[in-house]
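Data block for data29.cif (mmCIF, C-alpha atoms and all ligand atoms):
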```cif
data_input
loop_
_atom_site.group_PDB
_atom_site.id
_atom_site.type_symbol
_atom_site.label_atom_id
_atom_site.label_comp_id
_atom_site.auth_asym_id
_atom_site.auth_seq_id
_atom_site.Cartn_x
_atom_site.Cartn_y
_atom_site.Cartn_z
ATOM 1 C CA TYR A 1 -5.297 -14.117 14.074
ATOM 2 C CA GLY A 2 -7.231 -11.894 16.358
ATOM 3 C CA ASP A 3 -7.232 -8.254 15.488
ATOM 4 C CA TYR A 4 -7.520 -7.314 19.137
ATOM 5 C CA ASN A 5 -4.145 -8.033 20.615
ATOM 6 C CA GLN A 6 -2.323 -7.152 17.458
ATOM 7 C CA LYS A 7 0.544 -4.795 17.952
ATOM 8 C CA ILE A 8 0.378 -2.071 15.330
ATOM 9 C CA ASP A 9 3.781 -0.844 14.182
ATOM 10 C CA TYR A 10 2.544 1.860 11.832
ATOM 11 C CA VAL A 11 -0.678 3.668 10.977
ATOM 12 C CA PHE A 12 -0.682 5.109 7.487
ATOM 13 C CA LYS A 13 -3.335 7.522 6.293
ATOM 14 C CA ILE A 14 -4.164 7.263 2.617
ATOM 15 C CA VAL A 15 -6.591 9.552 0.810
ATOM 16 C CA LEU A 16 -8.728 8.814 -2.236
ATOM 17 C CA ILE A 17 -9.434 11.671 -4.622
ATOM 18 C CA GLY A 18 -10.924 12.150 -8.076
ATOM 19 C CA ASP A 19 -14.167 13.100 -9.797
ATOM 20 C CA SER A 20 -17.541 11.757 -8.730
ATOM 21 C CA ALA A 21 -18.450 8.251 -9.955
ATOM 22 C CA VAL A 22 -14.935 7.179 -10.943
ATOM 23 C CA GLY A 23 -15.165 4.374 -8.361
ATOM 24 C CA LYS A 24 -13.246 5.629 -5.314
ATOM 25 C CA SER A 25 -15.686 4.164 -2.790
ATOM 26 C CA GLN A 26 -15.845 0.834 -4.591
ATOM 27 C CA LEU A 27 -12.060 0.575 -4.795
ATOM 28 C CA LEU A 28 -12.035 1.069 -1.045
ATOM 29 C CA ALA A 29 -14.851 -1.466 -0.512
ATOM 30 C CA ARG A 30 -12.956 -3.972 -2.641
ATOM 31 C CA PHE A 31 -9.682 -3.455 -0.847
ATOM 32 C CA ALA A 32 -10.984 -3.271 2.727
ATOM 33 C CA ARG A 33 -13.809 -5.842 2.623
ATOM 34 C CA ASN A 34 -13.562 -7.543 -0.760
ATOM 35 C CA GLU A 35 -16.995 -6.191 -1.613
ATOM 36 C CA PHE A 36 -18.438 -4.386 -4.607
ATOM 37 C CA SER A 37 -21.760 -2.677 -5.172
ATOM 38 C CA VAL A 38 -23.254 -1.766 -8.532
ATOM 39 C CA GLU A 39 -25.633 0.596 -6.757
ATOM 40 C CA SER A 40 -22.964 2.584 -4.977
ATOM 41 C CA LYS A 41 -24.319 5.951 -3.819
ATOM 42 C CA ALA A 42 -22.358 9.169 -4.119
ATOM 43 C CA THR A 43 -20.312 9.783 -1.006
ATOM 44 C CA ILE A 44 -21.401 12.656 1.209
ATOM 45 C CA GLY A 45 -18.797 14.201 3.457
ATOM 46 C CA VAL A 46 -16.029 11.813 4.400
ATOM 47 C CA GLU A 47 -15.836 8.134 5.265
ATOM 48 C CA PHE A 48 -12.962 5.911 6.119
ATOM 49 C CA GLN A 49 -12.096 2.256 6.495
ATOM 50 C CA THR A 50 -9.078 0.523 7.879
ATOM 51 C CA LYS A 51 -7.246 -2.594 6.878
ATOM 52 C CA THR A 52 -4.404 -4.133 8.800
ATOM 53 C CA LEU A 53 -1.675 -5.904 6.862
ATOM 54 C CA VAL A 54 1.761 -7.293 7.457
ATOM 55 C CA ILE A 55 4.462 -5.735 5.309
ATOM 56 C CA ASP A 56 8.086 -6.767 5.804
ATOM 57 C CA ASN A 57 7.228 -8.304 9.186
ATOM 58 C CA LYS A 58 5.669 -5.070 10.386
ATOM 59 C CA THR A 59 1.997 -4.700 11.172
ATOM 60 C CA VAL A 60 0.691 -1.780 9.197
ATOM 61 C CA LYS A 61 -2.748 -0.327 9.693
ATOM 62 C CA ALA A 62 -3.928 1.440 6.549
ATOM 63 C CA GLN A 63 -6.495 4.095 7.345
ATOM 64 C CA ILE A 64 -8.069 4.970 4.022
ATOM 65 C CA TRP A 65 -10.124 8.128 3.665
ATOM 66 C CA ASP A 66 -12.755 8.582 1.014
ATOM 67 C CA THR A 67 -14.595 11.787 0.196
ATOM 68 C CA ALA A 68 -17.072 13.028 -2.355
ATOM 69 C CA GLY A 69 -15.945 13.878 -5.856
ATOM 70 C CA GLN A 70 -18.846 16.325 -6.015
ATOM 71 C CA GLU A 71 -17.825 19.732 -4.796
ATOM 72 C CA ARG A 72 -20.964 20.385 -2.744
ATOM 73 C CA TYR A 73 -20.553 17.169 -0.764
ATOM 74 C CA ARG A 74 -16.856 17.486 -0.100
ATOM 75 C CA ALA A 75 -15.212 17.414 3.294
ATOM 76 C CA VAL A 76 -13.094 20.284 4.601
ATOM 77 C CA THR A 77 -10.077 20.122 2.326
ATOM 78 C CA SER A 78 -7.243 20.824 4.712
ATOM 79 C CA ALA A 79 -8.540 18.360 7.319
ATOM 80 C CA TYR A 80 -8.933 15.696 4.675
ATOM 81 C CA TYR A 81 -5.302 15.862 3.567
ATOM 82 C CA ARG A 82 -3.778 16.414 6.998
ATOM 83 C CA GLY A 83 -1.371 13.642 7.943
ATOM 84 C CA ALA A 84 -1.832 11.709 4.692
ATOM 85 C CA VAL A 85 1.246 9.780 3.612
ATOM 86 C CA GLY A 86 -0.301 8.194 0.529
ATOM 87 C CA ALA A 87 -2.874 9.172 -2.098
ATOM 88 C CA MET A 88 -4.844 7.411 -4.816
ATOM 89 C CA LEU A 89 -5.649 9.779 -7.651
ATOM 90 C CA VAL A 90 -8.525 8.034 -9.398
ATOM 91 C CA TYR A 91 -10.055 8.573 -12.843
ATOM 92 C CA ASP A 92 -12.515 6.506 -14.862
ATOM 93 C CA MET A 93 -10.788 5.198 -17.993
ATOM 94 C CA THR A 94 -14.092 5.426 -19.887
ATOM 95 C CA LYS A 95 -14.474 9.157 -19.060
ATOM 96 C CA ARG A 96 -11.854 11.385 -20.611
ATOM 97 C CA GLN A 97 -12.919 14.347 -18.509
ATOM 98 C CA SER A 98 -12.163 12.514 -15.276
ATOM 99 C CA PHE A 99 -8.611 12.024 -16.543
ATOM 100 C CA ASP A 100 -8.278 15.632 -17.714
ATOM 101 C CA HIS A 101 -9.234 16.722 -14.212
ATOM 102 C CA MET A 102 -6.295 14.846 -12.705
ATOM 103 C CA THR A 103 -4.127 17.960 -13.020
ATOM 104 C CA ARG A 104 -6.548 19.879 -10.800
ATOM 105 C CA TRP A 105 -6.756 17.134 -8.209
ATOM 106 C CA LEU A 106 -3.004 16.814 -8.197
ATOM 107 C CA GLU A 107 -2.644 20.542 -7.706
ATOM 108 C CA GLU A 108 -4.991 20.470 -4.726
ATOM 109 C CA LEU A 109 -3.196 17.454 -3.306
ATOM 110 C CA ARG A 110 0.233 19.016 -3.680
ATOM 111 C CA GLY A 111 -1.064 22.230 -2.168
ATOM 112 C CA HIS A 112 -2.281 20.525 0.988
ATOM 113 C CA ALA A 113 -0.379 17.317 1.543
ATOM 114 C CA ASP A 114 3.087 16.500 2.793
ATOM 115 C CA LYS A 115 5.898 16.874 0.245
ATOM 116 C CA ASN A 116 6.892 13.216 0.490
ATOM 117 C CA ILE A 117 3.409 11.816 -0.032
ATOM 118 C CA VAL A 118 3.341 8.687 -2.224
ATOM 119 C CA ILE A 119 0.883 9.107 -5.086
ATOM 120 C CA MET A 120 -0.693 6.420 -7.255
ATOM 121 C CA LEU A 121 -2.561 7.397 -10.425
ATOM 122 C CA VAL A 122 -5.398 4.886 -10.838
ATOM 123 C CA GLY A 123 -7.317 4.319 -14.075
ATOM 124 C CA ASN A 124 -10.380 2.456 -12.810
ATOM 125 C CA LYS A 125 -13.076 0.424 -14.651
ATOM 126 C CA SER A 126 -10.641 -1.591 -16.787
ATOM 127 C CA ASP A 127 -13.414 -4.177 -17.124
ATOM 128 C CA LEU A 128 -15.109 -1.752 -19.549
ATOM 129 C CA GLY A 129 -12.327 -2.092 -22.116
ATOM 130 C CA SER A 130 -14.521 -1.511 -25.146
ATOM 131 C CA LEU A 131 -15.522 1.912 -23.780
ATOM 132 C CA ARG A 132 -11.980 3.058 -23.086
ATOM 133 C CA ALA A 133 -11.515 6.814 -23.565
ATOM 134 C CA VAL A 134 -8.057 7.175 -22.022
ATOM 135 C CA PRO A 135 -5.180 5.310 -23.694
ATOM 136 C CA THR A 136 -2.809 3.659 -21.258
ATOM 137 C CA GLU A 137 0.094 5.576 -22.821
ATOM 138 C CA ASP A 138 -1.506 8.968 -22.045
ATOM 139 C CA ALA A 139 -1.799 8.048 -18.402
ATOM 140 C CA GLN A 140 1.692 6.558 -18.292
ATOM 141 C CA GLU A 141 3.113 9.728 -19.781
ATOM 142 C CA PHE A 142 1.275 11.914 -17.268
ATOM 143 C CA ALA A 143 2.381 9.705 -14.397
ATOM 144 C CA GLN A 144 5.985 9.805 -15.530
ATOM 145 C CA ARG A 145 5.960 13.561 -15.962
ATOM 146 C CA GLU A 146 4.431 14.113 -12.531
ATOM 147 C CA ASN A 147 6.396 11.400 -10.781
ATOM 148 C CA LEU A 148 3.441 9.214 -9.859
ATOM 149 C CA PHE A 149 2.975 5.470 -9.752
ATOM 150 C CA PHE A 150 0.331 4.246 -12.179
ATOM 151 C CA MET A 151 -2.016 1.265 -12.461
ATOM 152 C CA GLU A 152 -5.226 0.410 -14.250
ATOM 153 C CA THR A 153 -7.748 -1.311 -12.008
ATOM 154 C CA SER A 154 -11.209 -2.775 -11.877
ATOM 155 C CA ALA A 155 -12.998 -2.628 -8.548
ATOM 156 C CA LEU A 156 -15.732 -4.726 -10.154
ATOM 157 C CA GLU A 157 -13.450 -7.566 -11.222
ATOM 158 C CA ALA A 158 -10.954 -7.031 -8.394
ATOM 159 C CA THR A 159 -8.151 -6.463 -10.890
ATOM 160 C CA ASN A 160 -5.036 -4.708 -9.565
ATOM 161 C CA VAL A 161 -6.862 -3.250 -6.566
ATOM 162 C CA GLU A 162 -4.714 -4.901 -3.941
ATOM 163 C CA PRO A 163 -1.473 -4.285 -5.879
ATOM 164 C CA ALA A 164 -2.348 -0.593 -6.208
ATOM 165 C CA PHE A 165 -2.858 -0.109 -2.459
ATOM 166 C CA LEU A 166 0.047 -2.382 -1.560
ATOM 167 C CA THR A 167 2.429 -0.484 -3.803
ATOM 168 C CA VAL A 168 1.542 2.765 -2.055
ATOM 169 C CA LEU A 169 1.830 1.198 1.412
ATOM 170 C CA THR A 170 5.146 -0.437 0.592
ATOM 171 C CA GLU A 171 6.588 2.755 -0.834
ATOM 172 C CA ILE A 172 5.573 4.715 2.272
ATOM 173 C CA TYR A 173 7.159 2.126 4.466
HETATM 174 P P1 LIG A 201 -18.369 9.897 -5.369
HETATM 175 O O1 LIG A 201 -18.576 9.303 -4.028
HETATM 176 O O2 LIG A 201 -19.570 10.636 -5.865
HETATM 177 O O3 LIG A 201 -17.149 10.777 -5.448
HETATM 178 O O4 LIG A 201 -18.131 8.672 -6.435
HETATM 179 P P2 LIG A 201 -17.081 7.471 -6.318
HETATM 180 O O5 LIG A 201 -15.828 7.852 -7.025
HETATM 181 O O6 LIG A 201 -16.949 7.030 -4.915
HETATM 182 O O7 LIG A 201 -17.772 6.316 -7.192
HETATM 183 P P3 LIG A 201 -18.413 4.951 -6.674
HETATM 184 O O8 LIG A 201 -17.376 4.074 -6.062
HETATM 185 O O9 LIG A 201 -19.610 5.236 -5.879
HETATM 186 O O10 LIG A 201 -18.820 4.264 -8.062
HETATM 187 C C1 LIG A 201 -19.634 4.945 -9.022
HETATM 188 C C2 LIG A 201 -20.275 3.927 -9.961
HETATM 189 O O11 LIG A 201 -19.263 3.247 -10.711
HETATM 190 C C3 LIG A 201 -21.061 2.839 -9.229
HETATM 191 O O12 LIG A 201 -22.185 2.505 -10.003
HETATM 192 C C4 LIG A 201 -20.102 1.676 -9.191
HETATM 193 O O13 LIG A 201 -20.754 0.437 -9.123
HETATM 194 C C5 LIG A 201 -19.360 1.847 -10.518
HETATM 195 N N1 LIG A 201 -18.006 1.283 -10.494
HETATM 196 C C6 LIG A 201 -17.041 1.493 -9.563
HETATM 197 N N2 LIG A 201 -15.926 0.808 -9.871
HETATM 198 C C7 LIG A 201 -16.184 0.157 -11.024
HETATM 199 C C8 LIG A 201 -15.421 -0.724 -11.861
HETATM 200 O O14 LIG A 201 -14.265 -1.063 -11.629
HETATM 201 N N3 LIG A 201 -16.047 -1.175 -12.999
HETATM 202 C C9 LIG A 201 -17.326 -0.843 -13.323
HETATM 203 N N4 LIG A 201 -17.818 -1.340 -14.453
HETATM 204 N N5 LIG A 201 -18.062 -0.015 -12.556
HETATM 205 C C10 LIG A 201 -17.503 0.467 -11.418
HETATM 206 MG MG MG A 202 -17.726 7.734 -3.172
#
```

Have the structure of the file written as structure tokens, please.
Ligand code: GTP
Ligand code: MG
Amino acid sequence: YGDYNQKIDYVFKIVLIGDSAVGKSQLLARFARNEFSVESKATIGVEFQTKTLVIDNKTVKAQIWDTAGQERYRAVTSAYYRGAVGAMLVYDMTKRQSFDHMTRWLEELRGHADKNIVIMLVGNKSDLGSLRAVPTEDAQEFAQRENLFFMETSALEATNVEPAFLTVLTEIY
């Protein structure tokens, strides 16, 4: 199952956005390499990883872009969103503020991305249930109102990470 001679049918660019420390880079590490780091450093600039999957008998290469949540480390906005067909809008379910900021991130996304972009709202760190600051219903309501898919994930425990990315990829396709 050599990656080399594989015929790629589609390349899909997906962007990760959300406040610093919500777990964007670790969601990507979990999805792309099945890795997780407790000592994840804040992202500077932009990074990306790819993962090739077969969806409905088509070989799809997901090219997932990850940038800094911190303003001063962020990549050039328009370049970051250019060509994106999917987006993961990530908050930390133990940090209310990161959820409240979703409206801003969504605004930026809608201002720069394609109209038909598939968006998944992701409440990460579900392993920290006892520290929950964002009720599932609040997020569901927001997602419904804004027409977004929604899942709660844990990059640490690998809960719902693959389903979240796969849902976006399948909906694009
Ligand atoms: P920026 O690059 O600054 O925008 O942050 P980020 O959103 O990429 O966050 P990152 O993935 O670096 O994770 C921040 C911290 O949260 C790290 O200490 C991670 O180990 C931790 N973390 C990420 N995902 C989870 C998770 O699902 N559960 C728990 N408990 N911790 C997590
Ligand atoms: Mg990061």

For this file, the PyMOL selection byres (((not hetatm)) within 8 of (chain A and resi 202)) selects which residues, as number ranges by chain? A: 20-21, 23-26, 40-44, 66-69

Close residues to ligand LIG 201 (chain A) using all atoms listed in the file, limit 10 Å, as a VMD selection string: chain A and resid 16 to 30 36 to 47 66 to 71 73 to 74 90 to 94 123 to 129 152 to 159 161

Would you list the residues near (-3.1, -12.1, 2.8), meaning any protein, DNA or RNA residue with an atom at most 12 Å from that point in file coordinates, counting only C-alpha atoms, as JSON, numbers by chain? {"A": [1, 31, 32, 34, 51, 52, 53, 54, 55, 162, 163, 166]}

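For the set A:Arg145, A:Lys13, A:Lys7, A:Arg82, the residue with the smallest atom-to-atom gap to A:Val168 is A:Lys13, counting all atoms listed in the file.
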
What's the 7 Å shell around A:Ala84, counting only C-alpha atoms, without same-chain residues fewer than 6 positions away, as a list in words?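 Once the adjacent positions are removed, what remains is Lys13, Ile14, Val15 and Ala113 of chain A.
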
Name the residues that the PyMOL selection byres (((chain A and resi 151) around 8) and not hetatm) pulls out of this structure, and write them as a PyMOL selection string. chain A and resi 120-123+149-150+152-153+160+164

Work out how far apart atom CA of A:Gln63 and atom CA of A:Phe12 are and give it in Å to one decimal.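 Going from atom CA of A:Gln63 over to atom CA of A:Phe12 covers 5.9 Å.
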
For A:Arg110, which of A:Ala143, A:Ala133, A:Ala87, A:Val76 is the closest residue, counting only C-alpha atoms?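 Comparing A:Ala143, A:Ala133, A:Ala87, A:Val76 against A:Arg110, the winner is A:Ala87.
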
Selected residue, from A:Tyr80, A:Phe99, A:Tyr10, A:Trp65, that lies nearest to A:Phe142 when counting all atoms listed in the file: A:Phe99

May I ask for the distance between atom CA of A:Gly83 and atom CA of A:Ala139, given in Å to one decimal place?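 Rounded to one decimal, the two atoms are 26.9 Å apart.
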
Can you pull out every residue within 12 Å of A:Asp56, counting only C-alpha atoms, but drop anything in the same chain fewer than 5 positions away, and send it as a short mmCIF file (atom, residue, chain, number, x, y, z; two decimals) with C-alpha atoms, in the frame of the given file?
```
data_model
loop_
_atom_site.label_atom_id
_atom_site.label_comp_id
_atom_site.auth_asym_id
_atom_site.auth_seq_id
_atom_site.Cartn_x
_atom_site.Cartn_y
_atom_site.Cartn_z
CA ASP A 9 3.78 -0.84 14.18
CA TYR A 10 2.54 1.86 11.83
CA LEU A 166 0.05 -2.38 -1.56
CA LEU A 169 1.83 1.20 1.41
CA THR A 170 5.15 -0.44 0.59
CA GLU A 171 6.59 2.76 -0.83
CA TYR A 173 7.16 2.13 4.47
#
```

So the first atom is atom CA of A:Ser98 and the second is atom CA of A:Val134; what is the distance between them in Å, to one decimal place? 9.5 Å

Could you tell me which of A:Leu106, A:Leu131, A:Val11, A:Ile172 comes closest to A:Gly86 if we count all atoms listed in the file?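 Counting all atoms listed in the file, the residue closest to A:Gly86 is A:Ile172.
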
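Of the residues under consideration (A:Thr59, A:Arg96, A:Ala79, A:Asp138), A:Ala79 shows the shortest atom-to-atom contact distance to A:Leu109 when counting all atoms listed in the file.
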
Quick one: stretch 59-71 of chain A with all heavy atoms, as a PDB file, in the first residue's frame?
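Writing the result to decode-v1.pdb gives the following:
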```
ATOM      1  N   THR A  59      -9.421   8.144  -4.018  1.00  0.00           N
ATOM      2  CA  THR A  59      -8.288   8.466  -3.156  1.00  0.00           C
ATOM      3  C   THR A  59      -8.247   9.970  -2.918  1.00  0.00           C
ATOM      4  O   THR A  59      -8.112  10.758  -3.855  1.00  0.00           O
ATOM      5  CB  THR A  59      -6.972   7.982  -3.793  1.00  0.00           C
ATOM      6  OG1 THR A  59      -7.120   6.597  -4.085  1.00  0.00           O
ATOM      7  CG2 THR A  59      -5.817   8.158  -2.844  1.00  0.00           C
ATOM      8  N   VAL A  60      -8.431  10.317  -1.678  1.00  0.00           N
ATOM      9  CA  VAL A  60      -8.524  11.726  -1.301  1.00  0.00           C
ATOM     10  C   VAL A  60      -7.323  12.095  -0.449  1.00  0.00           C
ATOM     11  O   VAL A  60      -7.029  11.427   0.538  1.00  0.00           O
ATOM     12  CB  VAL A  60      -9.829  11.974  -0.490  1.00  0.00           C
ATOM     13  CG1 VAL A  60      -9.860  13.378   0.070  1.00  0.00           C
ATOM     14  CG2 VAL A  60     -11.052  11.690  -1.346  1.00  0.00           C
ATOM     15  N   LYS A  61      -6.627  13.125  -0.863  1.00  0.00           N
ATOM     16  CA  LYS A  61      -5.512  13.619  -0.064  1.00  0.00           C
ATOM     17  C   LYS A  61      -5.994  14.843   0.708  1.00  0.00           C
ATOM     18  O   LYS A  61      -6.324  15.870   0.109  1.00  0.00           O
ATOM     19  CB  LYS A  61      -4.348  13.974  -0.968  1.00  0.00           C
ATOM     20  CG  LYS A  61      -3.093  14.361  -0.229  1.00  0.00           C
ATOM     21  CD  LYS A  61      -1.988  14.612  -1.233  1.00  0.00           C
ATOM     22  CE  LYS A  61      -0.631  14.659  -0.580  1.00  0.00           C
ATOM     23  NZ  LYS A  61       0.424  14.567  -1.591  1.00  0.00           N
ATOM     24  N   ALA A  62      -6.048  14.712   2.026  1.00  0.00           N
ATOM     25  CA  ALA A  62      -6.431  15.841   2.872  1.00  0.00           C
ATOM     26  C   ALA A  62      -5.172  16.615   3.217  1.00  0.00           C
ATOM     27  O   ALA A  62      -4.206  16.060   3.728  1.00  0.00           O
ATOM     28  CB  ALA A  62      -7.100  15.342   4.137  1.00  0.00           C
ATOM     29  N   GLN A  63      -5.191  17.896   2.884  1.00  0.00           N
ATOM     30  CA  GLN A  63      -4.051  18.758   3.187  1.00  0.00           C
ATOM     31  C   GLN A  63      -4.550  19.711   4.269  1.00  0.00           C
ATOM     32  O   GLN A  63      -5.355  20.598   4.005  1.00  0.00           O
ATOM     33  CB  GLN A  63      -3.691  19.516   1.918  1.00  0.00           C
ATOM     34  CG  GLN A  63      -2.457  20.350   2.004  1.00  0.00           C
ATOM     35  CD  GLN A  63      -2.250  21.132   0.721  1.00  0.00           C
ATOM     36  OE1 GLN A  63      -2.872  22.158   0.525  1.00  0.00           O
ATOM     37  NE2 GLN A  63      -1.398  20.641  -0.155  1.00  0.00           N
ATOM     38  N   ILE A  64      -4.098  19.462   5.500  1.00  0.00           N
ATOM     39  CA  ILE A  64      -4.685  20.177   6.632  1.00  0.00           C
ATOM     40  C   ILE A  64      -3.736  21.249   7.149  1.00  0.00           C
ATOM     41  O   ILE A  64      -2.598  20.950   7.529  1.00  0.00           O
ATOM     42  CB  ILE A  64      -5.065  19.180   7.742  1.00  0.00           C
ATOM     43  CG1 ILE A  64      -6.024  18.141   7.151  1.00  0.00           C
ATOM     44  CG2 ILE A  64      -5.732  19.907   8.904  1.00  0.00           C
ATOM     45  CD1 ILE A  64      -6.048  16.853   7.908  1.00  0.00           C
ATOM     46  N   TRP A  65      -4.210  22.458   7.147  1.00  0.00           N
ATOM     47  CA  TRP A  65      -3.410  23.625   7.531  1.00  0.00           C
ATOM     48  C   TRP A  65      -3.722  24.028   8.963  1.00  0.00           C
ATOM     49  O   TRP A  65      -4.868  24.028   9.387  1.00  0.00           O
ATOM     50  CB  TRP A  65      -3.713  24.816   6.595  1.00  0.00           C
ATOM     51  CG  TRP A  65      -3.276  24.622   5.180  1.00  0.00           C
ATOM     52  CD1 TRP A  65      -3.505  23.540   4.388  1.00  0.00           C
ATOM     53  CD2 TRP A  65      -2.556  25.568   4.368  1.00  0.00           C
ATOM     54  NE1 TRP A  65      -2.966  23.756   3.132  1.00  0.00           N
ATOM     55  CE2 TRP A  65      -2.388  24.982   3.099  1.00  0.00           C
ATOM     56  CE3 TRP A  65      -2.046  26.852   4.604  1.00  0.00           C
ATOM     57  CZ2 TRP A  65      -1.730  25.638   2.050  1.00  0.00           C
ATOM     58  CZ3 TRP A  65      -1.395  27.504   3.575  1.00  0.00           C
ATOM     59  CH2 TRP A  65      -1.236  26.896   2.310  1.00  0.00           C
ATOM     60  N   ASP A  66      -2.664  24.402   9.652  1.00  0.00           N
ATOM     61  CA  ASP A  66      -2.767  24.722  11.072  1.00  0.00           C
ATOM     62  C   ASP A  66      -2.007  26.026  11.317  1.00  0.00           C
ATOM     63  O   ASP A  66      -0.848  26.141  10.936  1.00  0.00           O
ATOM     64  CB  ASP A  66      -2.117  23.560  11.846  1.00  0.00           C
ATOM     65  CG  ASP A  66      -2.069  23.791  13.338  1.00  0.00           C
ATOM     66  OD1 ASP A  66      -2.913  24.538  13.865  1.00  0.00           O
ATOM     67  OD2 ASP A  66      -1.180  23.192  13.990  1.00  0.00           O
ATOM     68  N   THR A  67      -2.657  26.990  11.917  1.00  0.00           N
ATOM     69  CA  THR A  67      -1.932  28.230  12.224  1.00  0.00           C
ATOM     70  C   THR A  67      -2.076  28.582  13.696  1.00  0.00           C
ATOM     71  O   THR A  67      -2.778  27.906  14.456  1.00  0.00           O
ATOM     72  CB  THR A  67      -2.392  29.412  11.338  1.00  0.00           C
ATOM     73  OG1 THR A  67      -1.498  30.523  11.536  1.00  0.00           O
ATOM     74  CG2 THR A  67      -3.797  29.861  11.668  1.00  0.00           C
ATOM     75  N   ALA A  68      -1.410  29.639  14.076  1.00  0.00           N
ATOM     76  CA  ALA A  68      -1.412  30.069  15.468  1.00  0.00           C
ATOM     77  C   ALA A  68      -2.745  30.696  15.854  1.00  0.00           C
ATOM     78  O   ALA A  68      -3.323  31.450  15.089  1.00  0.00           O
ATOM     79  CB  ALA A  68      -0.295  31.085  15.672  1.00  0.00           C
ATOM     80  N   GLY A  69      -3.208  30.391  17.044  1.00  0.00           N
ATOM     81  CA  GLY A  69      -4.369  31.080  17.586  1.00  0.00           C
ATOM     82  C   GLY A  69      -3.973  32.477  18.039  1.00  0.00           C
ATOM     83  O   GLY A  69      -4.775  33.413  18.032  1.00  0.00           O
ATOM     84  N   GLN A  70      -2.718  32.629  18.439  1.00  0.00           N
ATOM     85  CA  GLN A  70      -2.237  33.935  18.901  1.00  0.00           C
ATOM     86  C   GLN A  70      -2.027  34.867  17.720  1.00  0.00           C
ATOM     87  O   GLN A  70      -1.313  34.543  16.788  1.00  0.00           O
ATOM     88  CB  GLN A  70      -0.899  33.780  19.634  1.00  0.00           C
ATOM     89  CG  GLN A  70      -1.001  33.032  20.937  1.00  0.00           C
ATOM     90  CD  GLN A  70       0.357  32.946  21.626  1.00  0.00           C
ATOM     91  OE1 GLN A  70       0.915  33.961  22.023  1.00  0.00           O
ATOM     92  NE2 GLN A  70       0.874  31.747  21.762  1.00  0.00           N
ATOM     93  N   GLU A  71      -2.634  36.020  17.847  1.00  0.00           N
ATOM     94  CA  GLU A  71      -2.626  37.017  16.783  1.00  0.00           C
ATOM     95  C   GLU A  71      -1.214  37.297  16.244  1.00  0.00           C
ATOM     96  O   GLU A  71      -0.982  37.289  15.045  1.00  0.00           O
ATOM     97  CB  GLU A  71      -3.250  38.317  17.328  1.00  0.00           C
ATOM     98  CG  GLU A  71      -3.577  39.341  16.272  1.00  0.00           C
ATOM     99  CD  GLU A  71      -4.685  38.914  15.319  1.00  0.00           C
ATOM    100  OE1 GLU A  71      -5.697  38.374  15.802  1.00  0.00           O
ATOM    101  OE2 GLU A  71      -4.517  39.090  14.101  1.00  0.00           O
TER     102      GLU A  71
END
```
